>>> print(open('entry-v1.cif').read())   # mmCIF, C-alpha atoms
data_coords
loop_
_atom_site.label_atom_id
_atom_site.label_comp_id
_atom_site.auth_asym_id
_atom_site.auth_seq_id
_atom_site.Cartn_x
_atom_site.Cartn_y
_atom_site.Cartn_z
CA MET A 1 -14.57 -15.58 26.27
CA ALA A 2 -15.53 -14.91 22.65
CA LEU A 3 -12.09 -13.47 21.88
CA LYS A 4 -10.38 -16.50 23.44
CA THR A 5 -12.46 -18.77 21.22
CA SER A 6 -11.62 -16.60 18.21
CA LYS A 7 -7.93 -16.78 19.06
CA SER A 8 -8.06 -20.56 19.29
CA VAL A 9 -9.78 -20.84 15.92
CA VAL A 10 -7.34 -18.45 14.27
CA TYR A 11 -4.34 -20.24 15.84
CA ALA A 12 -5.63 -23.60 14.58
CA ALA A 13 -6.30 -22.17 11.12
CA SER A 14 -2.82 -20.61 11.07
CA ALA A 15 -1.17 -23.92 11.94
CA GLY A 16 -3.18 -25.74 9.28
CA ASN A 17 -2.45 -23.07 6.70
CA LEU A 18 1.25 -23.20 7.51
CA LEU A 19 1.27 -26.96 6.84
CA VAL A 20 -0.59 -26.43 3.56
CA THR A 21 1.88 -23.68 2.63
CA LEU A 22 4.90 -25.90 3.26
CA THR A 23 3.32 -28.73 1.28
CA LYS A 24 2.64 -26.43 -1.67
CA PHE A 25 6.17 -25.01 -1.64
CA ALA A 26 7.56 -28.56 -1.58
CA ALA A 27 5.31 -29.55 -4.50
CA ALA A 28 6.28 -26.41 -6.45
CA SER A 29 9.96 -27.16 -5.90
CA TRP A 30 9.53 -30.80 -6.88
CA THR A 31 7.44 -30.17 -10.00
CA GLY A 32 8.65 -26.76 -11.19
CA SER A 33 4.99 -25.73 -11.54
CA ALA A 34 4.41 -21.96 -11.65
CA ALA A 35 0.77 -22.51 -10.72
CA MET A 36 1.75 -24.48 -7.63
CA LEU A 37 4.29 -21.81 -6.67
CA SER A 38 1.56 -19.19 -7.01
CA GLU A 39 -0.70 -21.34 -4.80
CA ALA A 40 2.11 -21.65 -2.24
CA ILE A 41 2.59 -17.88 -2.19
CA HIS A 42 -1.15 -17.42 -1.77
CA SER A 43 -1.14 -19.81 1.20
CA LEU A 44 1.86 -18.01 2.70
CA VAL A 45 -0.02 -14.72 2.46
CA ASP A 46 -3.06 -16.39 4.07
CA THR A 47 -0.89 -17.61 6.94
CA ALA A 48 0.62 -14.15 7.45
CA ASN A 49 -2.88 -12.67 7.37
CA GLN A 50 -4.07 -15.00 10.07
CA LEU A 51 -1.11 -14.03 12.22
CA LEU A 52 -2.02 -10.36 11.72
CA LEU A 53 -5.57 -11.18 12.80
CA VAL A 54 -4.24 -12.86 15.96
CA TYR A 55 -2.23 -9.72 16.61
CA GLY A 56 -5.36 -7.60 16.05
CA ILE A 57 -7.38 -9.78 18.43
CA HIS A 58 -4.62 -9.44 21.02
CA ARG A 59 -4.52 -5.63 20.63
CA ALA A 60 -8.33 -5.33 20.72
CA ASP A 61 -8.50 -7.40 23.91
CA ARG A 62 -6.63 -4.79 25.97
CA PRO A 63 -8.68 -3.14 28.73
CA PRO A 64 -9.75 0.52 28.55
CA ASP A 65 -7.24 3.07 29.76
CA GLU A 66 -7.01 6.84 30.07
CA LYS A 67 -6.16 7.32 26.39
CA HIS A 68 -8.86 4.88 25.19
CA PRO A 69 -11.70 4.94 27.74
CA LEU A 70 -13.91 2.76 25.50
CA GLY A 71 -11.19 0.16 25.00
CA TYR A 72 -9.27 -1.00 21.97
CA GLY A 73 -11.94 -3.10 20.27
CA ARG A 74 -11.79 -1.10 17.06
CA GLU A 75 -8.18 -2.16 16.47
CA LEU A 76 -9.52 -5.47 15.27
CA TYR A 77 -11.16 -3.64 12.35
CA PHE A 78 -7.91 -1.83 11.58
CA TRP A 79 -5.92 -5.07 11.46
CA SER A 80 -8.62 -6.73 9.37
CA PHE A 81 -8.24 -3.85 6.90
CA ILE A 82 -4.46 -4.32 6.87
CA VAL A 83 -5.02 -8.02 6.15
CA ALA A 84 -7.22 -7.16 3.16
CA LEU A 85 -4.60 -4.77 1.78
CA PHE A 86 -1.87 -7.33 2.40
CA MET A 87 -3.76 -10.04 0.52
CA LEU A 88 -4.44 -7.77 -2.41
CA THR A 89 -1.01 -6.23 -2.82
CA ILE A 90 1.39 -8.94 -1.71
CA GLY A 91 -0.57 -12.01 -2.80
CA ALA A 92 -1.65 -10.69 -6.17
CA GLY A 93 1.64 -8.91 -6.78
CA LEU A 94 3.80 -11.96 -6.12
CA SER A 95 1.49 -14.22 -8.12
CA CYS A 96 1.66 -11.82 -11.09
CA TYR A 97 5.43 -11.56 -10.77
CA GLU A 98 5.85 -15.35 -10.71
CA GLY A 99 3.49 -15.71 -13.67
CA ILE A 100 5.46 -13.18 -15.72
CA GLN A 101 8.75 -14.84 -14.74
CA HIS A 102 7.52 -18.24 -15.87
CA ILE A 103 6.11 -16.86 -19.12
CA SER A 104 9.43 -15.09 -19.82
CA ASN A 105 11.56 -18.07 -18.80
CA PRO A 106 9.39 -21.18 -19.16
CA THR A 107 10.46 -24.39 -17.52
CA ALA A 108 8.99 -27.81 -18.06
CA ILE A 109 6.79 -29.18 -15.30
CA GLU A 110 8.08 -32.43 -13.89
CA ASN A 111 5.94 -34.87 -11.93
CA GLY A 112 2.79 -32.86 -12.62
CA HIS A 113 0.66 -35.40 -10.78
CA ILE A 114 2.16 -34.12 -7.52
CA SER A 115 0.55 -30.72 -8.14
CA TYR A 116 -2.82 -32.38 -8.66
CA ILE A 117 -2.46 -34.41 -5.46
CA VAL A 118 -1.63 -31.28 -3.41
CA HIS A 119 -6.59 -27.96 -3.34
CA MET A 120 -7.39 -31.45 -5.10
CA SER A 121 -8.80 -33.73 -2.43
CA PRO A 122 -8.67 -37.48 -3.02
CA ASP A 123 -12.41 -37.57 -3.69
CA GLN A 124 -12.44 -34.84 -6.36
CA ILE A 125 -12.01 -35.70 -10.01
CA VAL A 126 -11.35 -33.44 -12.99
CA VAL A 127 -12.23 -34.85 -16.42
CA ALA A 128 -10.60 -33.61 -19.64
CA LEU A 129 -12.13 -34.82 -22.90
CA ALA A 130 -11.32 -34.25 -26.57
CA PHE A 131 -14.09 -34.74 -29.14
CA GLU A 132 -14.32 -35.05 -32.89
CA PHE A 133 -17.68 -33.63 -34.03
CA ASN A 134 -19.34 -33.91 -37.41
CA ASP A 135 -18.54 -30.90 -39.59
CA ASP A 136 -22.21 -30.16 -40.21
CA LEU A 137 -22.95 -29.43 -36.51
CA THR A 138 -23.45 -25.80 -35.51
CA THR A 139 -21.86 -24.22 -32.44
CA PRO A 140 -25.14 -24.24 -30.44
CA GLN A 141 -25.57 -27.95 -31.26
CA ILE A 142 -22.04 -28.72 -30.06
CA GLU A 143 -22.63 -26.67 -26.89
CA LYS A 144 -25.83 -28.62 -26.20
CA ILE A 145 -24.08 -31.96 -26.69
CA VAL A 146 -21.26 -30.95 -24.33
CA ALA A 147 -23.69 -29.60 -21.70
CA ASN A 148 -25.72 -32.84 -21.80
CA LEU A 149 -22.54 -34.89 -21.50
CA GLU A 150 -21.35 -32.82 -18.51
CA ARG A 151 -24.71 -33.32 -16.76
CA ALA A 152 -24.62 -37.07 -17.43
CA ILE A 153 -21.06 -37.35 -16.08
CA HIS A 154 -21.92 -35.35 -12.93
CA LYS A 155 -25.05 -37.43 -12.36
CA ALA A 156 -23.22 -40.75 -12.76
CA HIS A 157 -20.08 -39.61 -10.91
CA PRO A 158 -20.72 -36.90 -8.26
CA ASP A 159 -17.00 -36.82 -7.38
CA VAL A 160 -16.33 -35.15 -10.74
CA ILE A 161 -15.96 -31.44 -9.92
CA ALA A 162 -15.10 -30.16 -13.40
CA VAL A 163 -15.39 -31.36 -16.98
CA PHE A 164 -13.23 -29.76 -19.65
CA ALA A 165 -14.36 -30.56 -23.18
CA LYS A 166 -12.23 -29.66 -26.20
CA PRO A 167 -13.58 -30.05 -29.71
CA GLN A 168 -10.88 -31.02 -32.16
CA PRO A 169 -10.80 -31.66 -35.90
CA ARG A 170 -10.48 -35.09 -37.45
CA PRO A 171 -6.90 -35.87 -38.47
CA GLN A 172 -7.71 -35.91 -42.22
CA ALA A 173 -9.66 -32.64 -42.05
CA GLU A 174 -6.84 -31.00 -40.13
CA SER A 175 -4.19 -31.90 -42.68
CA ALA A 176 -6.44 -30.84 -45.59
CA HIS A 177 -6.92 -27.34 -44.13
CA ARG A 178 -3.35 -26.50 -43.18
CA PRO A 179 -2.31 -23.05 -44.39
CA TRP A 180 1.25 -24.18 -45.17
#
>>> encode(input="entry-v1.cif", output="structure tokens")
Amino acid sequence: MALKTSKSVVYAASAGNLLVTLTKFAAASWTGSAAMLSEAIHSLVDTANQLLLVYGIHRADRPPDEKHPLGYGRELYFWSFIVALFMLTIGAGLSCYEGIQHISNPTAIENGHISYIVHMSPDQIVVALAFEFNDDLTTPQIEKIVANLERAIHKAHPDVIAVFAKPQPRPQAESAHRPW
């Protein structure tokens, strides 16, 4: 009974992952985002892995026979190992390849908001901030200010999952220090 339950869970996860994969490929095609394409490839590898696990469960569920008097239960471990190798080599390899391709031949991202809509959920918020700090502040002082600000934002808005803070120079200071 446990294997039947496992099969059902893996089948459901495979179906869900396939839908996520198709959505990510559609978003990557629509936006031209290399990151979204990499995510789509990762989801495709996940889906293939789950199918390999279903195959392993099926093989492990066979009854004992003359050649395997203790049964085939250990095949599940073999197929789990194959899944791990598959994720590492295919997933990472294709993601690296796509990254190199997009660095070598960059294309502009169009409709970038589509990519954000597709591993963000509607109740997760990412905040990106740019700050102008006084020139007399030290790095530890700036880090403390940013850390306090991040805590305050998370406390006031729990849906914020990440805060990216970028210090930037004042416009006059930037033009006065240009090397050209």
>>> residues_around(input="entry-v1.cif", residues="range 34-51 of chain A", least_positions_apart="6", cutoff="10 Å", atoms="all atoms listed in the file", output="PDB file with C-alpha atoms, in the frame of the given file")
ATOM      1  CA  LYS A   7      -7.930 -16.780  19.060  1.00  0.00           C
ATOM      2  CA  VAL A  10      -7.340 -18.450  14.270  1.00  0.00           C
ATOM      3  CA  TYR A  11      -4.340 -20.240  15.840  1.00  0.00           C
ATOM      4  CA  ALA A  12      -5.630 -23.600  14.580  1.00  0.00           C
ATOM      5  CA  ALA A  13      -6.300 -22.170  11.120  1.00  0.00           C
ATOM      6  CA  SER A  14      -2.820 -20.610  11.070  1.00  0.00           C
ATOM      7  CA  ALA A  15      -1.170 -23.920  11.940  1.00  0.00           C
ATOM      8  CA  GLY A  16      -3.180 -25.740   9.280  1.00  0.00           C
ATOM      9  CA  ASN A  17      -2.450 -23.070   6.700  1.00  0.00           C
ATOM     10  CA  LEU A  18       1.250 -23.200   7.510  1.00  0.00           C
ATOM     11  CA  LEU A  19       1.270 -26.960   6.840  1.00  0.00           C
ATOM     12  CA  VAL A  20      -0.590 -26.430   3.560  1.00  0.00           C
ATOM     13  CA  THR A  21       1.880 -23.680   2.630  1.00  0.00           C
ATOM     14  CA  LEU A  22       4.900 -25.900   3.260  1.00  0.00           C
ATOM     15  CA  THR A  23       3.320 -28.730   1.280  1.00  0.00           C
ATOM     16  CA  LYS A  24       2.640 -26.430  -1.670  1.00  0.00           C
ATOM     17  CA  PHE A  25       6.170 -25.010  -1.640  1.00  0.00           C
ATOM     18  CA  ALA A  26       7.560 -28.560  -1.580  1.00  0.00           C
ATOM     19  CA  ALA A  27       5.310 -29.550  -4.500  1.00  0.00           C
ATOM     20  CA  ALA A  28       6.280 -26.410  -6.450  1.00  0.00           C
ATOM     21  CA  ILE A  57      -7.380  -9.780  18.430  1.00  0.00           C
ATOM     22  CA  TRP A  79      -5.920  -5.070  11.460  1.00  0.00           C
ATOM     23  CA  SER A  80      -8.620  -6.730   9.370  1.00  0.00           C
ATOM     24  CA  ILE A  82      -4.460  -4.320   6.870  1.00  0.00           C
ATOM     25  CA  VAL A  83      -5.020  -8.020   6.150  1.00  0.00           C
ATOM     26  CA  ALA A  84      -7.220  -7.160   3.160  1.00  0.00           C
ATOM     27  CA  LEU A  85      -4.600  -4.770   1.780  1.00  0.00           C
ATOM     28  CA  PHE A  86      -1.870  -7.330   2.400  1.00  0.00           C
ATOM     29  CA  MET A  87      -3.760 -10.040   0.520  1.00  0.00           C
ATOM     30  CA  LEU A  88      -4.440  -7.770  -2.410  1.00  0.00           C
ATOM     31  CA  ILE A  90       1.390  -8.940  -1.710  1.00  0.00           C
ATOM     32  CA  GLY A  91      -0.570 -12.010  -2.800  1.00  0.00           C
ATOM     33  CA  ALA A  92      -1.650 -10.690  -6.170  1.00  0.00           C
ATOM     34  CA  LEU A  94       3.800 -11.960  -6.120  1.00  0.00           C
ATOM     35  CA  SER A  95       1.490 -14.220  -8.120  1.00  0.00           C
ATOM     36  CA  CYS A  96       1.660 -11.820 -11.090  1.00  0.00           C
ATOM     37  CA  TYR A  97       5.430 -11.560 -10.770  1.00  0.00           C
ATOM     38  CA  GLU A  98       5.850 -15.350 -10.710  1.00  0.00           C
ATOM     39  CA  GLY A  99       3.490 -15.710 -13.670  1.00  0.00           C
ATOM     40  CA  ILE A 100       5.460 -13.180 -15.720  1.00  0.00           C
ATOM     41  CA  GLN A 101       8.750 -14.840 -14.740  1.00  0.00           C
ATOM     42  CA  HIS A 102       7.520 -18.240 -15.870  1.00  0.00           C
ATOM     43  CA  ILE A 103       6.110 -16.860 -19.120  1.00  0.00           C
ATOM     44  CA  PRO A 106       9.390 -21.180 -19.160  1.00  0.00           C
ATOM     45  CA  THR A 107      10.460 -24.390 -17.520  1.00  0.00           C
ATOM     46  CA  ALA A 108       8.990 -27.810 -18.060  1.00  0.00           C
ATOM     47  CA  ILE A 109       6.790 -29.180 -15.300  1.00  0.00           C
ATOM     48  CA  GLY A 112       2.790 -32.860 -12.620  1.00  0.00           C
ATOM     49  CA  ILE A 114       2.160 -34.120  -7.520  1.00  0.00           C
ATOM     50  CA  SER A 115       0.550 -30.720  -8.140  1.00  0.00           C
ATOM     51  CA  TYR A 116      -2.820 -32.380  -8.660  1.00  0.00           C
ATOM     52  CA  VAL A 118      -1.630 -31.280  -3.410  1.00  0.00           C
ATOM     53  CA  HIS A 119      -6.590 -27.960  -3.340  1.00  0.00           C
TER      54      HIS A 119
END
>>> closest_atom_pairs(input="entry-v1.cif", of="range 66-171 of chain A", to="range 58-62 of chain A", cutoff="12 Å", atoms="all atoms listed in the file", output="JSON lines")
{"residue": "A:His68", "atom": "CA", "partner": "A:Arg62", "partner_atom": "CA", "distance": 10.0}
{"residue": "A:Pro69", "atom": "CA", "partner": "A:Arg62", "partner_atom": "CA", "distance": 11.1}
{"residue": "A:Leu70", "atom": "CA", "partner": "A:Arg62", "partner_atom": "CA", "distance": 10.5}
{"residue": "A:Gly71", "atom": "CA", "partner": "A:Arg62", "partner_atom": "CA", "distance": 6.8}
{"residue": "A:Tyr72", "atom": "CA", "partner": "A:Ala60", "partner_atom": "CA", "distance": 4.6}
{"residue": "A:Gly73", "atom": "CA", "partner": "A:Ala60", "partner_atom": "CA", "distance": 4.3}
{"residue": "A:Arg74", "atom": "CA", "partner": "A:Ala60", "partner_atom": "CA", "distance": 6.6}
{"residue": "A:Glu75", "atom": "CA", "partner": "A:Ala60", "partner_atom": "CA", "distance": 5.3}
{"residue": "A:Leu76", "atom": "CA", "partner": "A:Ala60", "partner_atom": "CA", "distance": 5.6}
{"residue": "A:Tyr77", "atom": "CA", "partner": "A:Ala60", "partner_atom": "CA", "distance": 9.0}
{"residue": "A:Phe78", "atom": "CA", "partner": "A:Ala60", "partner_atom": "CA", "distance": 9.8}
{"residue": "A:Trp79", "atom": "CA", "partner": "A:Arg59", "partner_atom": "CA", "distance": 9.3}
{"residue": "A:Ser80", "atom": "CA", "partner": "A:Ala60", "partner_atom": "CA", "distance": 11.4}
>>> atom_distance(input="entry-v1.cif", atom1="CA of His157 in chain A", atom2="CA of Pro140 in chain A")
25.4 Å
>>> atom_distance(input="entry-v1.cif", atom1="CA of Val163 in chain A", atom2="CA of Asp136 in chain A")
24.2 Å
>>> closest_residue(input="entry-v1.cif", among="A:Thr139, A:Asn134, A:Asn105, A:Gln124", to="Gly32 in chain A", atoms="only C-alpha atoms")
A:Asn105
>>> atom_distance(input="entry-v1.cif", atom1="CA of Thr138 in chain A", atom2="CA of Pro167 in chain A")
12.2 Å
>>> residues_around(input="entry-v1.cif", residues="Lys166 in chain A", least_positions_apart="5", cutoff="7 Å", atoms="all atoms listed in the file", output="ChimeraX atom specification")
/A:129-131
